>>> print(open('upload.cif').read())   # mmCIF, C-alpha atoms and all ligand atoms
data_model
loop_
_atom_site.label_atom_id
_atom_site.label_comp_id
_atom_site.auth_asym_id
_atom_site.auth_seq_id
_atom_site.Cartn_x
_atom_site.Cartn_y
_atom_site.Cartn_z
CA MET H 1 -16.12 12.94 -39.01
CA ILE H 2 -15.91 13.33 -42.79
CA ARG H 3 -18.42 11.37 -44.86
CA ALA H 4 -18.78 11.15 -48.65
CA VAL H 5 -22.36 12.33 -49.21
CA VAL H 6 -24.31 11.98 -52.48
CA ARG H 7 -25.26 15.44 -53.78
CA GLY H 8 -26.43 14.64 -57.27
CA ILE H 9 -27.04 11.87 -59.78
CA GLY H 10 -27.15 11.60 -63.57
CA HIS H 11 -27.66 8.97 -66.23
CA TYR H 12 -27.44 8.27 -69.92
CA LEU H 13 -28.95 5.51 -72.05
CA PRO H 14 -28.35 5.28 -75.81
CA GLN H 15 -31.42 5.78 -77.98
CA ARG H 16 -31.23 2.41 -79.73
CA VAL H 17 -33.32 -0.21 -77.94
CA VAL H 18 -32.75 -3.88 -78.77
CA THR H 19 -35.52 -6.25 -77.70
CA ASN H 20 -35.37 -10.00 -77.09
CA GLN H 21 -37.46 -10.41 -80.24
CA ASP H 22 -34.66 -8.69 -82.20
CA PHE H 23 -32.30 -11.51 -81.12
CA GLU H 24 -34.85 -14.13 -82.24
CA LYS H 25 -34.21 -12.96 -85.84
CA THR H 26 -30.51 -13.92 -85.79
CA LEU H 27 -30.07 -16.50 -83.02
CA ASP H 28 -31.57 -19.80 -81.87
CA THR H 29 -33.17 -18.15 -78.84
CA SER H 30 -36.55 -16.84 -77.69
CA ASP H 31 -37.99 -13.96 -75.74
CA GLU H 32 -39.44 -16.54 -73.36
CA TRP H 33 -36.02 -18.18 -72.66
CA ILE H 34 -34.30 -14.85 -72.08
CA ARG H 35 -37.04 -13.45 -69.84
CA THR H 36 -37.44 -16.54 -67.67
CA ARG H 37 -33.69 -17.23 -67.26
CA THR H 38 -32.52 -13.63 -66.81
CA GLY H 39 -35.47 -11.22 -66.35
CA ILE H 40 -34.19 -9.17 -69.32
CA CYS H 41 -36.73 -7.84 -71.87
CA GLN H 42 -34.64 -5.22 -73.66
CA ARG H 43 -31.32 -3.37 -73.54
CA HIS H 44 -29.84 -0.21 -75.10
CA PHE H 45 -26.92 -0.35 -77.57
CA ALA H 46 -24.71 2.62 -78.43
CA SER H 47 -25.05 3.94 -81.95
CA ASP H 48 -22.13 3.96 -84.40
CA GLY H 49 -19.47 6.32 -83.13
CA GLU H 50 -21.05 6.73 -79.68
CA LYS H 51 -18.22 6.21 -77.22
CA THR H 52 -17.99 5.33 -73.52
CA SER H 53 -16.70 8.85 -72.80
CA ASP H 54 -19.70 10.44 -74.60
CA MET H 55 -22.12 8.56 -72.36
CA ALA H 56 -20.03 9.26 -69.25
CA VAL H 57 -19.99 13.00 -70.01
CA SER H 58 -23.78 13.09 -70.45
CA ALA H 59 -24.34 11.30 -67.12
CA ALA H 60 -21.73 13.48 -65.39
CA ARG H 61 -23.31 16.70 -66.70
CA GLU H 62 -26.68 15.71 -65.26
CA ALA H 63 -25.09 14.76 -61.91
CA ILE H 64 -23.33 18.16 -61.79
CA GLU H 65 -26.55 19.98 -62.70
CA THR H 66 -28.62 18.20 -60.04
CA SER H 67 -25.91 18.95 -57.44
CA GLY H 68 -26.00 22.67 -58.13
CA VAL H 69 -22.19 22.84 -58.29
CA SER H 70 -19.96 23.86 -61.20
CA PRO H 71 -17.31 21.63 -62.83
CA ASN H 72 -14.67 23.82 -61.22
CA ASP H 73 -15.93 22.77 -57.77
CA ILE H 74 -15.01 19.13 -58.54
CA ASP H 75 -11.48 17.87 -57.93
CA LEU H 76 -11.75 14.12 -58.52
CA ILE H 77 -13.19 11.81 -61.17
CA VAL H 78 -13.21 8.06 -60.66
CA LEU H 79 -14.59 6.32 -63.74
CA ALA H 80 -15.36 2.61 -63.69
CA THR H 81 -15.24 0.95 -67.09
CA SER H 82 -13.99 -2.18 -68.84
CA THR H 83 -14.74 -0.69 -72.25
CA PRO H 84 -12.57 2.46 -72.36
CA ASP H 85 -12.36 4.64 -75.48
CA GLN H 86 -8.66 3.83 -75.81
CA THR H 87 -6.11 1.66 -73.99
CA PHE H 88 -4.71 4.95 -72.74
CA PRO H 89 -5.13 7.74 -71.76
CA SER H 90 -7.88 6.94 -69.28
CA THR H 91 -11.48 7.68 -70.23
CA ALA H 92 -11.67 9.65 -66.96
CA THR H 93 -9.14 12.24 -68.20
CA LYS H 94 -11.13 12.60 -71.41
CA VAL H 95 -14.27 13.26 -69.36
CA GLN H 96 -12.33 15.75 -67.21
CA ALA H 97 -11.35 17.72 -70.33
CA GLU H 98 -14.87 17.55 -71.83
CA LEU H 99 -16.35 18.92 -68.62
CA GLY H 100 -13.87 21.81 -68.67
CA MET H 101 -12.27 20.74 -65.37
CA CYS H 102 -8.72 22.08 -65.11
CA GLN H 103 -7.99 21.06 -61.52
CA GLY H 104 -7.86 17.89 -59.43
CA PHE H 105 -7.22 14.40 -60.80
CA ALA H 106 -9.05 11.71 -62.76
CA PHE H 107 -8.50 8.00 -63.23
CA ASP H 108 -10.21 4.81 -64.43
CA ILE H 109 -11.00 1.73 -62.39
CA GLN H 110 -11.33 -1.67 -64.03
CA ALA H 111 -13.26 -4.18 -61.94
CA VAL H 112 -15.80 -5.15 -64.61
CA CYS H 113 -19.34 -5.45 -63.18
CA ALA H 114 -18.08 -4.62 -59.66
CA GLY H 115 -16.49 -1.43 -61.03
CA PHE H 116 -18.96 1.04 -59.57
CA ILE H 117 -18.65 -0.45 -56.06
CA TYR H 118 -14.84 -0.31 -56.36
CA ALA H 119 -15.07 3.29 -57.64
CA LEU H 120 -17.34 4.36 -54.74
CA ALA H 121 -15.03 2.69 -52.21
CA ASN H 122 -11.95 4.40 -53.70
CA ALA H 123 -13.59 7.83 -53.98
CA ASN H 124 -14.83 7.46 -50.40
CA ALA H 125 -11.27 6.68 -49.20
CA LEU H 126 -9.87 9.73 -51.02
CA LEU H 127 -12.60 12.08 -49.78
CA THR H 128 -12.42 10.94 -46.17
CA ALA H 129 -8.60 11.22 -46.32
CA ARG H 130 -9.10 14.84 -47.46
CA GLN H 131 -7.28 14.20 -50.75
CA ALA H 132 -10.27 15.70 -52.59
CA ARG H 133 -13.45 17.55 -51.74
CA ARG H 134 -15.93 16.68 -54.49
CA ALA H 135 -15.82 13.56 -56.62
CA LEU H 136 -17.68 12.45 -59.70
CA VAL H 137 -18.04 8.68 -59.56
CA ILE H 138 -19.04 7.34 -62.94
CA GLY H 139 -19.86 3.90 -64.35
CA ALA H 140 -19.90 3.86 -68.16
CA GLU H 141 -19.81 0.95 -70.62
CA THR H 142 -20.21 0.03 -74.27
CA PHE H 143 -20.32 -3.73 -73.78
CA SER H 144 -22.05 -4.11 -77.15
CA HIS H 145 -18.58 -3.76 -78.73
CA ILE H 146 -17.19 -6.83 -76.93
CA LEU H 147 -20.16 -9.12 -77.52
CA ASP H 148 -19.85 -12.09 -79.84
CA MET H 149 -23.25 -11.77 -81.53
CA ARG H 150 -23.11 -15.47 -82.50
CA ASP H 151 -22.82 -16.59 -78.87
CA ARG H 152 -26.41 -16.78 -77.56
CA SER H 153 -25.24 -17.53 -74.01
CA THR H 154 -23.62 -14.09 -73.59
CA CYS H 155 -24.78 -11.57 -76.21
CA ILE H 156 -28.36 -11.44 -74.91
CA LEU H 157 -27.24 -10.43 -71.42
CA PHE H 158 -25.54 -7.06 -71.81
CA GLY H 159 -26.37 -3.45 -72.66
CA ASP H 160 -24.72 -0.02 -72.85
CA GLY H 161 -25.17 3.08 -70.69
CA ALA H 162 -23.70 5.35 -68.04
CA GLY H 163 -24.55 6.64 -64.59
CA ALA H 164 -22.82 9.10 -62.30
CA VAL H 165 -23.07 10.37 -58.73
CA LEU H 166 -21.48 13.46 -57.28
CA LEU H 167 -20.02 12.84 -53.83
CA GLU H 168 -19.09 15.66 -51.48
CA ALA H 169 -16.92 15.43 -48.33
CA GLN H 170 -19.12 16.73 -45.51
CA ASP H 171 -18.62 16.99 -41.76
CA GLN H 172 -21.05 14.63 -40.03
CA ALA H 173 -21.63 13.77 -36.38
CA GLY H 174 -20.15 10.27 -36.73
CA GLY H 175 -23.32 8.54 -35.56
CA ARG H 176 -26.11 6.38 -36.90
CA GLN H 177 -27.95 9.29 -38.48
CA ASP H 178 -25.00 10.33 -40.70
CA ARG H 179 -25.64 10.72 -44.41
CA GLY H 180 -23.19 9.40 -46.98
CA ILE H 181 -21.14 6.24 -47.35
CA LEU H 182 -21.26 4.32 -44.06
CA SER H 183 -19.11 1.33 -45.01
CA SER H 184 -17.52 -0.49 -47.92
CA GLU H 185 -16.37 -4.03 -48.46
CA ILE H 186 -14.40 -4.91 -51.60
CA ARG H 187 -12.85 -8.24 -52.54
CA SER H 188 -11.31 -10.15 -55.42
CA ASP H 189 -10.12 -13.69 -56.07
CA GLY H 190 -8.07 -14.09 -59.25
CA ARG H 191 -8.22 -17.88 -59.08
CA HIS H 192 -11.67 -17.58 -60.69
CA ARG H 193 -10.63 -15.28 -63.55
CA HIS H 194 -11.31 -17.99 -66.18
CA LEU H 195 -15.05 -18.00 -65.35
CA LEU H 196 -15.67 -14.65 -67.04
CA TYR H 197 -13.15 -12.95 -69.30
CA VAL H 198 -12.52 -11.30 -72.65
CA ASP H 199 -10.49 -13.43 -75.08
CA GLY H 200 -8.30 -10.55 -76.25
CA GLY H 201 -6.03 -7.83 -74.97
CA VAL H 202 -3.09 -5.56 -75.71
CA SER H 203 -0.31 -7.84 -74.47
CA THR H 204 -1.87 -11.08 -75.71
CA THR H 205 -3.78 -10.89 -79.00
CA GLN H 206 -3.57 -7.15 -79.75
CA THR H 207 -7.35 -7.22 -80.20
CA SER H 208 -10.08 -6.18 -77.80
CA GLY H 209 -11.67 -9.66 -77.86
CA PHE H 210 -15.12 -10.96 -76.91
CA ILE H 211 -16.76 -11.93 -73.62
CA ARG H 212 -16.57 -15.60 -72.62
CA MET H 213 -18.40 -16.89 -69.58
CA ASN H 214 -19.24 -19.96 -67.55
CA GLY H 215 -22.77 -18.81 -66.64
CA PRO H 216 -23.81 -21.47 -64.12
CA GLU H 217 -20.52 -21.15 -62.15
CA ILE H 218 -20.76 -17.35 -62.09
CA PHE H 219 -24.33 -17.70 -60.86
CA ARG H 220 -23.21 -19.93 -57.96
CA HIS H 221 -20.39 -17.59 -56.88
CA ALA H 222 -22.59 -14.51 -57.29
CA VAL H 223 -25.33 -15.38 -54.80
CA GLU H 224 -22.91 -16.63 -52.16
CA LYS H 225 -20.43 -13.74 -52.41
CA LEU H 226 -22.97 -10.94 -52.78
CA ALA H 227 -24.91 -12.06 -49.71
CA GLU H 228 -21.73 -12.49 -47.67
CA SER H 229 -20.24 -9.10 -48.60
CA SER H 230 -23.55 -7.27 -48.06
CA ALA H 231 -23.81 -8.80 -44.60
CA MET H 232 -20.23 -7.68 -43.91
CA ALA H 233 -20.92 -4.10 -45.10
CA MET H 234 -24.03 -3.95 -42.87
CA GLN H 235 -22.08 -5.26 -39.90
CA LYS H 236 -19.26 -2.72 -40.45
CA ALA H 237 -21.85 0.09 -40.53
CA GLY H 238 -23.66 -1.22 -37.44
CA LEU H 239 -26.83 -1.93 -39.44
CA THR H 240 -29.26 -4.80 -39.21
CA ARG H 241 -31.41 -6.02 -42.08
CA LYS H 242 -34.38 -4.09 -40.64
CA ASP H 243 -32.45 -0.76 -40.89
CA VAL H 244 -32.05 -1.17 -44.66
CA ASP H 245 -34.68 0.60 -46.76
CA LEU H 246 -33.52 -0.50 -50.20
CA MET H 247 -31.17 -2.96 -51.87
CA VAL H 248 -29.88 -1.49 -55.14
CA PRO H 249 -27.85 -4.34 -56.63
CA HIS H 250 -25.81 -4.77 -59.79
CA GLN H 251 -28.29 -5.76 -62.47
CA ALA H 252 -27.01 -9.00 -64.01
CA ASN H 253 -29.87 -11.42 -63.65
CA LEU H 254 -33.18 -11.22 -61.83
CA ARG H 255 -32.70 -14.71 -60.38
CA ILE H 256 -29.31 -13.73 -58.87
CA ILE H 257 -30.87 -10.58 -57.39
CA HIS H 258 -33.83 -12.43 -55.86
CA ALA H 259 -31.71 -15.29 -54.51
CA THR H 260 -29.28 -12.81 -52.90
CA ALA H 261 -32.13 -10.79 -51.37
CA LYS H 262 -33.69 -13.99 -50.03
CA ARG H 263 -30.43 -14.97 -48.30
CA LEU H 264 -30.23 -11.50 -46.77
CA GLY H 265 -33.88 -11.57 -45.71
CA PHE H 266 -34.96 -8.55 -47.79
CA PRO H 267 -38.55 -8.63 -49.12
CA HIS H 268 -39.14 -7.98 -52.83
CA GLU H 269 -40.52 -4.48 -52.22
CA LYS H 270 -37.09 -3.40 -50.90
CA ILE H 271 -35.27 -4.41 -54.09
CA ILE H 272 -34.67 -2.10 -57.04
CA THR H 273 -34.56 -3.87 -60.41
CA THR H 274 -33.88 -2.37 -63.82
CA VAL H 275 -32.38 -5.44 -65.49
CA ASP H 276 -35.66 -5.92 -67.41
CA LYS H 277 -35.19 -2.70 -69.40
CA HIS H 278 -31.37 -2.13 -69.28
CA GLY H 279 -29.91 -5.67 -69.34
CA ASN H 280 -26.52 -5.96 -67.65
CA THR H 281 -24.69 -2.65 -68.19
CA SER H 282 -21.72 -3.78 -66.06
CA ALA H 283 -20.21 -0.83 -64.12
CA ALA H 284 -23.10 1.44 -65.16
CA SER H 285 -25.88 -0.73 -63.75
CA ILE H 286 -25.87 0.45 -60.11
CA PRO H 287 -25.89 4.22 -60.80
CA LEU H 288 -28.56 3.65 -63.47
CA ALA H 289 -30.65 1.74 -60.92
CA LEU H 290 -30.10 4.43 -58.25
CA TYR H 291 -31.21 7.05 -60.78
CA ASP H 292 -34.32 5.07 -61.63
CA ALA H 293 -35.16 4.50 -57.96
CA GLN H 294 -34.85 8.19 -57.15
CA LYS H 295 -36.84 9.24 -60.19
CA CYS H 296 -39.79 6.99 -59.37
CA GLY H 297 -39.78 8.16 -55.72
CA LYS H 298 -38.64 4.89 -54.14
CA LEU H 299 -35.24 6.32 -53.13
CA ARG H 300 -35.48 9.36 -50.88
CA GLU H 301 -33.08 11.42 -48.81
CA GLY H 302 -32.29 9.81 -45.46
CA GLN H 303 -32.90 6.23 -46.59
CA ILE H 304 -30.37 3.44 -45.99
CA VAL H 305 -29.23 1.67 -49.15
CA ILE H 306 -27.18 -1.50 -49.64
CA SER H 307 -25.57 -1.90 -53.07
CA ASN H 308 -23.68 -5.00 -54.13
CA ALA H 309 -21.99 -6.25 -57.29
CA ILE H 310 -19.84 -9.06 -58.68
CA GLY H 311 -17.88 -9.22 -61.90
CA GLY H 312 -15.01 -10.79 -63.81
CA GLY H 313 -11.84 -11.40 -61.81
CA LEU H 314 -13.70 -12.38 -59.76
CA THR H 315 -14.22 -8.99 -58.16
CA TRP H 316 -17.06 -8.19 -55.80
CA GLY H 317 -18.17 -5.89 -53.04
CA SER H 318 -20.88 -3.96 -51.22
CA ILE H 319 -21.52 -0.44 -50.02
CA ALA H 320 -23.83 0.75 -47.25
CA LEU H 321 -24.89 4.39 -47.47
CA ARG H 322 -27.50 6.81 -46.28
CA TRP H 323 -28.90 8.69 -49.30
N1 LIG O 401 -31.41 -18.91 -75.72
C1 LIG O 401 -31.79 -20.21 -75.67
N2 LIG O 401 -31.04 -21.17 -75.09
C2 LIG O 401 -29.87 -20.80 -74.53
C3 LIG O 401 -29.43 -19.47 -74.54
C4 LIG O 401 -30.25 -18.51 -75.17
N3 LIG O 401 -29.92 -17.20 -75.23
N4 LIG O 401 -28.25 -19.41 -73.89
C5 LIG O 401 -27.95 -20.65 -73.49
N5 LIG O 401 -28.94 -21.49 -73.89
C6 LIG O 401 -29.01 -22.93 -73.67
C7 LIG O 401 -27.67 -23.57 -73.44
O1 LIG O 401 -27.02 -23.82 -74.67
C8 LIG O 401 -28.06 -24.85 -72.74
O2 LIG O 401 -28.52 -25.77 -73.69
P1 LIG O 401 -28.14 -27.32 -73.54
O3 LIG O 401 -28.75 -27.75 -72.25
O4 LIG O 401 -28.78 -27.93 -74.75
O5 LIG O 401 -26.65 -27.38 -73.53
C9 LIG O 401 -29.27 -24.43 -71.90
O6 LIG O 401 -29.75 -23.20 -72.48
C10 LIG O 401 -28.94 -24.22 -70.45
O7 LIG O 401 -27.77 -23.44 -70.36
P2 LIG O 401 -27.21 -22.95 -68.99
O8 LIG O 401 -26.00 -22.09 -69.22
O9 LIG O 401 -27.09 -24.09 -68.02
O10 LIG O 401 -28.45 -22.02 -68.53
P3 LIG O 401 -28.69 -21.32 -67.19
O11 LIG O 401 -30.00 -21.68 -66.65
O12 LIG O 401 -27.50 -21.41 -66.26
O13 LIG O 401 -28.81 -19.79 -67.64
C11 LIG O 401 -27.44 -17.83 -67.66
C12 LIG O 401 -27.73 -19.17 -68.30
C13 LIG O 401 -28.67 -16.98 -67.84
C14 LIG O 401 -26.26 -17.21 -68.36
C15 LIG O 401 -27.17 -18.07 -66.16
O14 LIG O 401 -26.21 -19.06 -65.98
C16 LIG O 401 -26.69 -16.82 -65.50
O15 LIG O 401 -27.39 -15.84 -65.40
N6 LIG O 401 -25.49 -16.83 -64.95
C17 LIG O 401 -24.91 -15.66 -64.35
C18 LIG O 401 -24.04 -15.05 -65.33
C19 LIG O 401 -24.23 -13.57 -65.47
O16 LIG O 401 -25.23 -12.95 -65.16
N7 LIG O 401 -23.18 -13.00 -65.98
C20 LIG O 401 -23.15 -11.62 -66.24
C21 LIG O 401 -21.80 -11.09 -65.99
S1 LIG O 401 -21.24 -11.40 -64.38
C22 LIG O 401 -22.22 -10.53 -63.48
O17 LIG O 401 -22.57 -9.45 -63.86
C23 LIG O 401 -22.63 -11.14 -62.22
#
>>> encode(input="upload.cif", output="C-alpha cells", more="lines below")
Ligand code: ACO
Amino acid sequence: MIRAVVRGIGHYLPQRVVTNQDFEKTLDTSDEWIRTRTGICQRHFASDGEKTSDMAVSAAREAIETSGVSPNDIDLIVLATSTPDQTFPSTATKVQAELGMCQGFAFDIQAVCAGFIYALANANALLTARQARRALVIGAETFSHILDMRDRSTCILFGDGAGAVLLEAQDQAGGRQDRGILSSEIRSDGRHRHLLYVDGGVSTTQTSGFIRMNGPEIFRHAVEKLAESSAMAMQKAGLTRKDVDLMVPHQANLRIIHATAKRLGFPHEKIITTVDKHGNTSAASIPLALYDAQKCGKLREGQIVISNAIGGGLTWGSIALRW
C-alpha cells in the first residue's frame, strides 16, 4: 500500500528573541507568572518586512535539501497558516514560485493552531490517492502581527516561525512495520468559535484584527479533545500507548501538554517540548518541535510518533506516524 513517508525536515526561526523580561517593561506581568502558567521563557518575532512566505521558503529549502530531492521533484505544497502574506493569492503559491517549482499544485490551509495536523492529513490523502508524489507540508506564522500588545492575557503566548516536512508516496507492505503516516483524525466544532478568534477580517471590519481568547475555556477543551483524538488515532493505526516512542504535540502551554500526556499515560521522557523557547507558533509549532527532536537525537528513523493539536474554530486532530 502507499504511505506518505517523511524524507526531510526544515525549520526557520526569526533572529529577534523576545524574553518574558522584555514584556515586564511594558505590561503588568512577570517572568515568573508567564513561566509558571505557560512554560514559556522566550519567543521569536519576525523583523520588519519579514513575511510568512519568507519563513516558509527558508524552512522548505532546508526540508528539500535534507531530502536530497530537487524542487522539480515536488508536485504538491500544502501550507498551513492563519497569517498569510495577503488575503489572496495563497502563501503556498508564493512559496511555489520562490522555490522555482513550475509543476504540481499548491494551496493554503487555515485551521489555526491545528493547521499542521490538518495539512498533514490532507497531504496524506492526496499522496495515498496518487494525486501527487512528493509534498511539502509547511506550517508558517507571523502571529506577532495579530497580537494586541496591550492584552497581557494573549500577547505573551505567541511567537513566529516556520517548519516544513517533505513527504513522499512510497510503496509499503501495509503492516505494522510500515514507515510514514499510519492514521489521522481531524475534527472541528464551530459552536466554540467565540472562545478563540481574531476580531477583524475582510468581510467584517476590513482589518486583520487582533487575537481574543477565553484562556481557561480553551484549556479545558484542549486537554479533553487532544487526549480523545490521540487515542482515536492510535486505535485507527492499531497502536497501544506502549508502541508510541514520542508525543510531539502542538506547543501552546506546558500544562496542557503535561495534562494531555498524563491522560494518555505517556511518561515525561516521551514528550517533546519546545514551548519554553518558541512560545506558541500556531501551525509552525509541530514541525519546529519535530525538527528540534530530530536534531537533538530524540527522534530517530523507525520511531512511532503521535502528534496532536487544537486551535481556533475549534479545530483539532492527531496524527500517528512512523518516522
Ligand atoms: N501576567 C500576569 N497576570 C496575568 C497575565 C499575565 N500575562 N495574563 C492574565 N493574567 C491574570 C488575569 O488577569 C487574572 O487576573 P484576575 O484573577 O485578577 O482577574 C489571572 O491572571 C488569572 O487569569 P486566568 O486567565 O484565569 O489564568 P490561567 O491560569 O487560566 O492562565 C492562560 C491563563 C495561560 C492563558 C491559560 O488559561 C491557558 O494557557 N489557556 C490555554 C490557552 C492557550 O494556550 N491558547 C493558545 C491558543 S489555542 C492553542 O494553541 C491550544
>>> closest_residue(input="upload.cif", among="H:Ala173, H:Gln110, H:Ala227, H:Lys277", to="Thr19 of chain H", atoms="only C-alpha atoms")
H:Lys277
>>> closest_residue(input="upload.cif", among="H:Ala123, H:Leu321, H:Ala222, H:Ala4", to="ligand LIG 401 (chain O)", atoms="all atoms listed in the file")
H:Ala222
>>> residues_around(input="upload.cif", residues="Ser229 of chain H", least_positions_apart="5", cutoff="8 Å", atoms="only C-alpha atoms", output="list in words")
Glu185, Ile186, Asn308, Trp316, Gly317 and Ser318 of chain H
>>> closest_residue(input="upload.cif", among="H:Gln86, H:Asn214, H:Ser58, H:Thr240", to="ligand LIG 401 (chain O)", atoms="all atoms listed in the file")
H:Asn214
>>> residues_near_ligand(input="upload.cif", ligand="ligand LIG 401 (chain O)", cutoff="8 Å", atoms="all atoms listed in the file", output="compact mmCIF listing (two decimals) with C-alpha atoms, keeping the file's coordinate frame")
# COMPACT_ATOMS: atom_id res chain seq x y z
CA LEU H 27 -30.07 -16.50 -83.02
CA ASP H 28 -31.57 -19.80 -81.87
CA THR H 29 -33.17 -18.15 -78.84
CA SER H 30 -36.55 -16.84 -77.69
CA TRP H 33 -36.02 -18.18 -72.66
CA ILE H 34 -34.30 -14.85 -72.08
CA ARG H 37 -33.69 -17.23 -67.26
CA THR H 38 -32.52 -13.63 -66.81
CA CYS H 113 -19.34 -5.45 -63.18
CA ALA H 114 -18.08 -4.62 -59.66
CA ASP H 151 -22.82 -16.59 -78.87
CA ARG H 152 -26.41 -16.78 -77.56
CA SER H 153 -25.24 -17.53 -74.01
CA THR H 154 -23.62 -14.09 -73.59
CA CYS H 155 -24.78 -11.57 -76.21
CA ILE H 156 -28.36 -11.44 -74.91
CA LEU H 157 -27.24 -10.43 -71.42
CA PHE H 158 -25.54 -7.06 -71.81
CA LEU H 196 -15.67 -14.65 -67.04
CA MET H 213 -18.40 -16.89 -69.58
CA ASN H 214 -19.24 -19.96 -67.55
CA GLY H 215 -22.77 -18.81 -66.64
CA PRO H 216 -23.81 -21.47 -64.12
CA GLU H 217 -20.52 -21.15 -62.15
CA ILE H 218 -20.76 -17.35 -62.09
CA PHE H 219 -24.33 -17.70 -60.86
CA ARG H 220 -23.21 -19.93 -57.96
CA ALA H 222 -22.59 -14.51 -57.29
CA HIS H 250 -25.81 -4.77 -59.79
CA GLN H 251 -28.29 -5.76 -62.47
CA ALA H 252 -27.01 -9.00 -64.01
CA ASN H 253 -29.87 -11.42 -63.65
CA ARG H 255 -32.70 -14.71 -60.38
CA ILE H 256 -29.31 -13.73 -58.87
CA ASN H 280 -26.52 -5.96 -67.65
CA SER H 282 -21.72 -3.78 -66.06
CA ALA H 309 -21.99 -6.25 -57.29
CA ILE H 310 -19.84 -9.06 -58.68
CA GLY H 311 -17.88 -9.22 -61.90
CA GLY H 312 -15.01 -10.79 -63.81
>>> residues_near_point(input="upload.cif", point="(-13.9, 14.7, -56.6)", cutoff="9 Å", atoms="all atoms listed in the file", output="ChimeraX atom specification")
/H:73-78,104-106,123,126-127,131-137,166-169
>>> atom_distance(input="upload.cif", atom1="atom CA of Ala59 of chain H", atom2="atom CA of Val244 of chain H")
26.8 Å
>>> residues_near_point(input="upload.cif", point="(-20.6, -3.4, -45.9)", cutoff="8 Å", atoms="only C-alpha atoms", output="ChimeraX atom specification")
/H:182-185,229-237,306,317-320
>>> atom_distance(input="upload.cif", atom1="atom CA of Phe88 of chain H", atom2="atom CA of Asp108 of chain H")
10.0 Å
>>> closest_residue(input="upload.cif", among="H:Met247, H:Phe45, H:Cys102, H:Gln294", to="Thr273 of chain H", atoms="only C-alpha atoms")
H:Met247
>>> residues_around(input="upload.cif", residues="His278 of chain H", least_positions_apart="3", cutoff="7 Å", atoms="only C-alpha atoms", output="list in words")
Gln42, Arg43, His44, Gly159, Thr274, Val275 and Thr281 of chain H
>>> atom_distance(input="upload.cif", atom1="atom CA of Pro14 of chain H", atom2="atom CA of Met55 of chain H")
7.8 Å
>>> closest_residue(input="upload.cif", among="H:Val95, H:Cys296, H:Val6, H:Ile271", to="Ser53 of chain H", atoms="all atoms listed in the file")
H:Val95
>>> residues_around(input="upload.cif", residues="Pro89 of chain H", least_positions_apart="5", cutoff="10 Å", atoms="all atoms listed in the file", output="count of residues only")
4
>>> residues_around(input="upload.cif", residues="Arg322 of chain H", least_positions_apart="3", cutoff="10 Å", atoms="all atoms listed in the file", output="list in words")
Val5, Val6, Arg176, Gln177, Asp178, Arg179, Gly180, Ile181, Leu182, Val244, Asp245, Arg300, Glu301, Gly302, Gln303, Ile304, Val305 and Ile306 of chain H
>>> write_last_selection(input="upload.cif", atoms="C-alpha atoms", output="PDB file, in the frame of the given file")
ATOM      1  CA  VAL H   5     -22.360  12.330 -49.210  1.00  0.00           C
ATOM      2  CA  VAL H   6     -24.310  11.980 -52.480  1.00  0.00           C
ATOM      3  CA  ARG H 176     -26.110   6.380 -36.900  1.00  0.00           C
ATOM      4  CA  GLN H 177     -27.950   9.290 -38.480  1.00  0.00           C
ATOM      5  CA  ASP H 178     -25.000  10.330 -40.700  1.00  0.00           C
ATOM      6  CA  ARG H 179     -25.640  10.720 -44.410  1.00  0.00           C
ATOM      7  CA  GLY H 180     -23.190   9.400 -46.980  1.00  0.00           C
ATOM      8  CA  ILE H 181     -21.140   6.240 -47.350  1.00  0.00           C
ATOM      9  CA  LEU H 182     -21.260   4.320 -44.060  1.00  0.00           C
ATOM     10  CA  VAL H 244     -32.050  -1.170 -44.660  1.00  0.00           C
ATOM     11  CA  ASP H 245     -34.680   0.600 -46.760  1.00  0.00           C
ATOM     12  CA  ARG H 300     -35.480   9.360 -50.880  1.00  0.00           C
ATOM     13  CA  GLU H 301     -33.080  11.420 -48.810  1.00  0.00           C
ATOM     14  CA  GLY H 302     -32.290   9.810 -45.460  1.00  0.00           C
ATOM     15  CA  GLN H 303     -32.900   6.230 -46.590  1.00  0.00           C
ATOM     16  CA  ILE H 304     -30.370   3.440 -45.990  1.00  0.00           C
ATOM     17  CA  VAL H 305     -29.230   1.670 -49.150  1.00  0.00           C
ATOM     18  CA  ILE H 306     -27.180  -1.500 -49.640  1.00  0.00           C
TER      19      ILE H 306
END
>>> closest_residue(input="upload.cif", among="H:Leu120, H:Ile146, H:Leu246, H:Val198", to="Leu299 of chain H", atoms="all atoms listed in the file")
H:Leu246
>>> axis_aligned_box(input="upload.cif", around="segment 201-207 of chain H", padding_each_side="4 Å", output="JSON")
{"center_x": -3.8, "center_y": -8.3, "center_z": -77.3, "size_x": 15.0, "size_y": 13.5, "size_z": 13.7}
>>> residues_around(input="upload.cif", residues="segment 60-68 of chain H", least_positions_apart="3", cutoff="7 Å", atoms="only C-alpha atoms", output="short mmCIF file (atom, residue, chain, number, x, y, z; two decimals) with C-alpha atoms, in the coordinates of the input")
data_model
loop_
_atom_site.label_atom_id
_atom_site.label_comp_id
_atom_site.auth_asym_id
_atom_site.auth_seq_id
_atom_site.Cartn_x
_atom_site.Cartn_y
_atom_site.Cartn_z
CA ARG H 7 -25.26 15.44 -53.78
CA GLY H 8 -26.43 14.64 -57.27
CA ILE H 9 -27.04 11.87 -59.78
CA GLY H 10 -27.15 11.60 -63.57
CA HIS H 11 -27.66 8.97 -66.23
CA ALA H 56 -20.03 9.26 -69.25
CA VAL H 57 -19.99 13.00 -70.01
CA ALA H 164 -22.82 9.10 -62.30
CA VAL H 165 -23.07 10.37 -58.73
CA LEU H 166 -21.48 13.46 -57.28
#
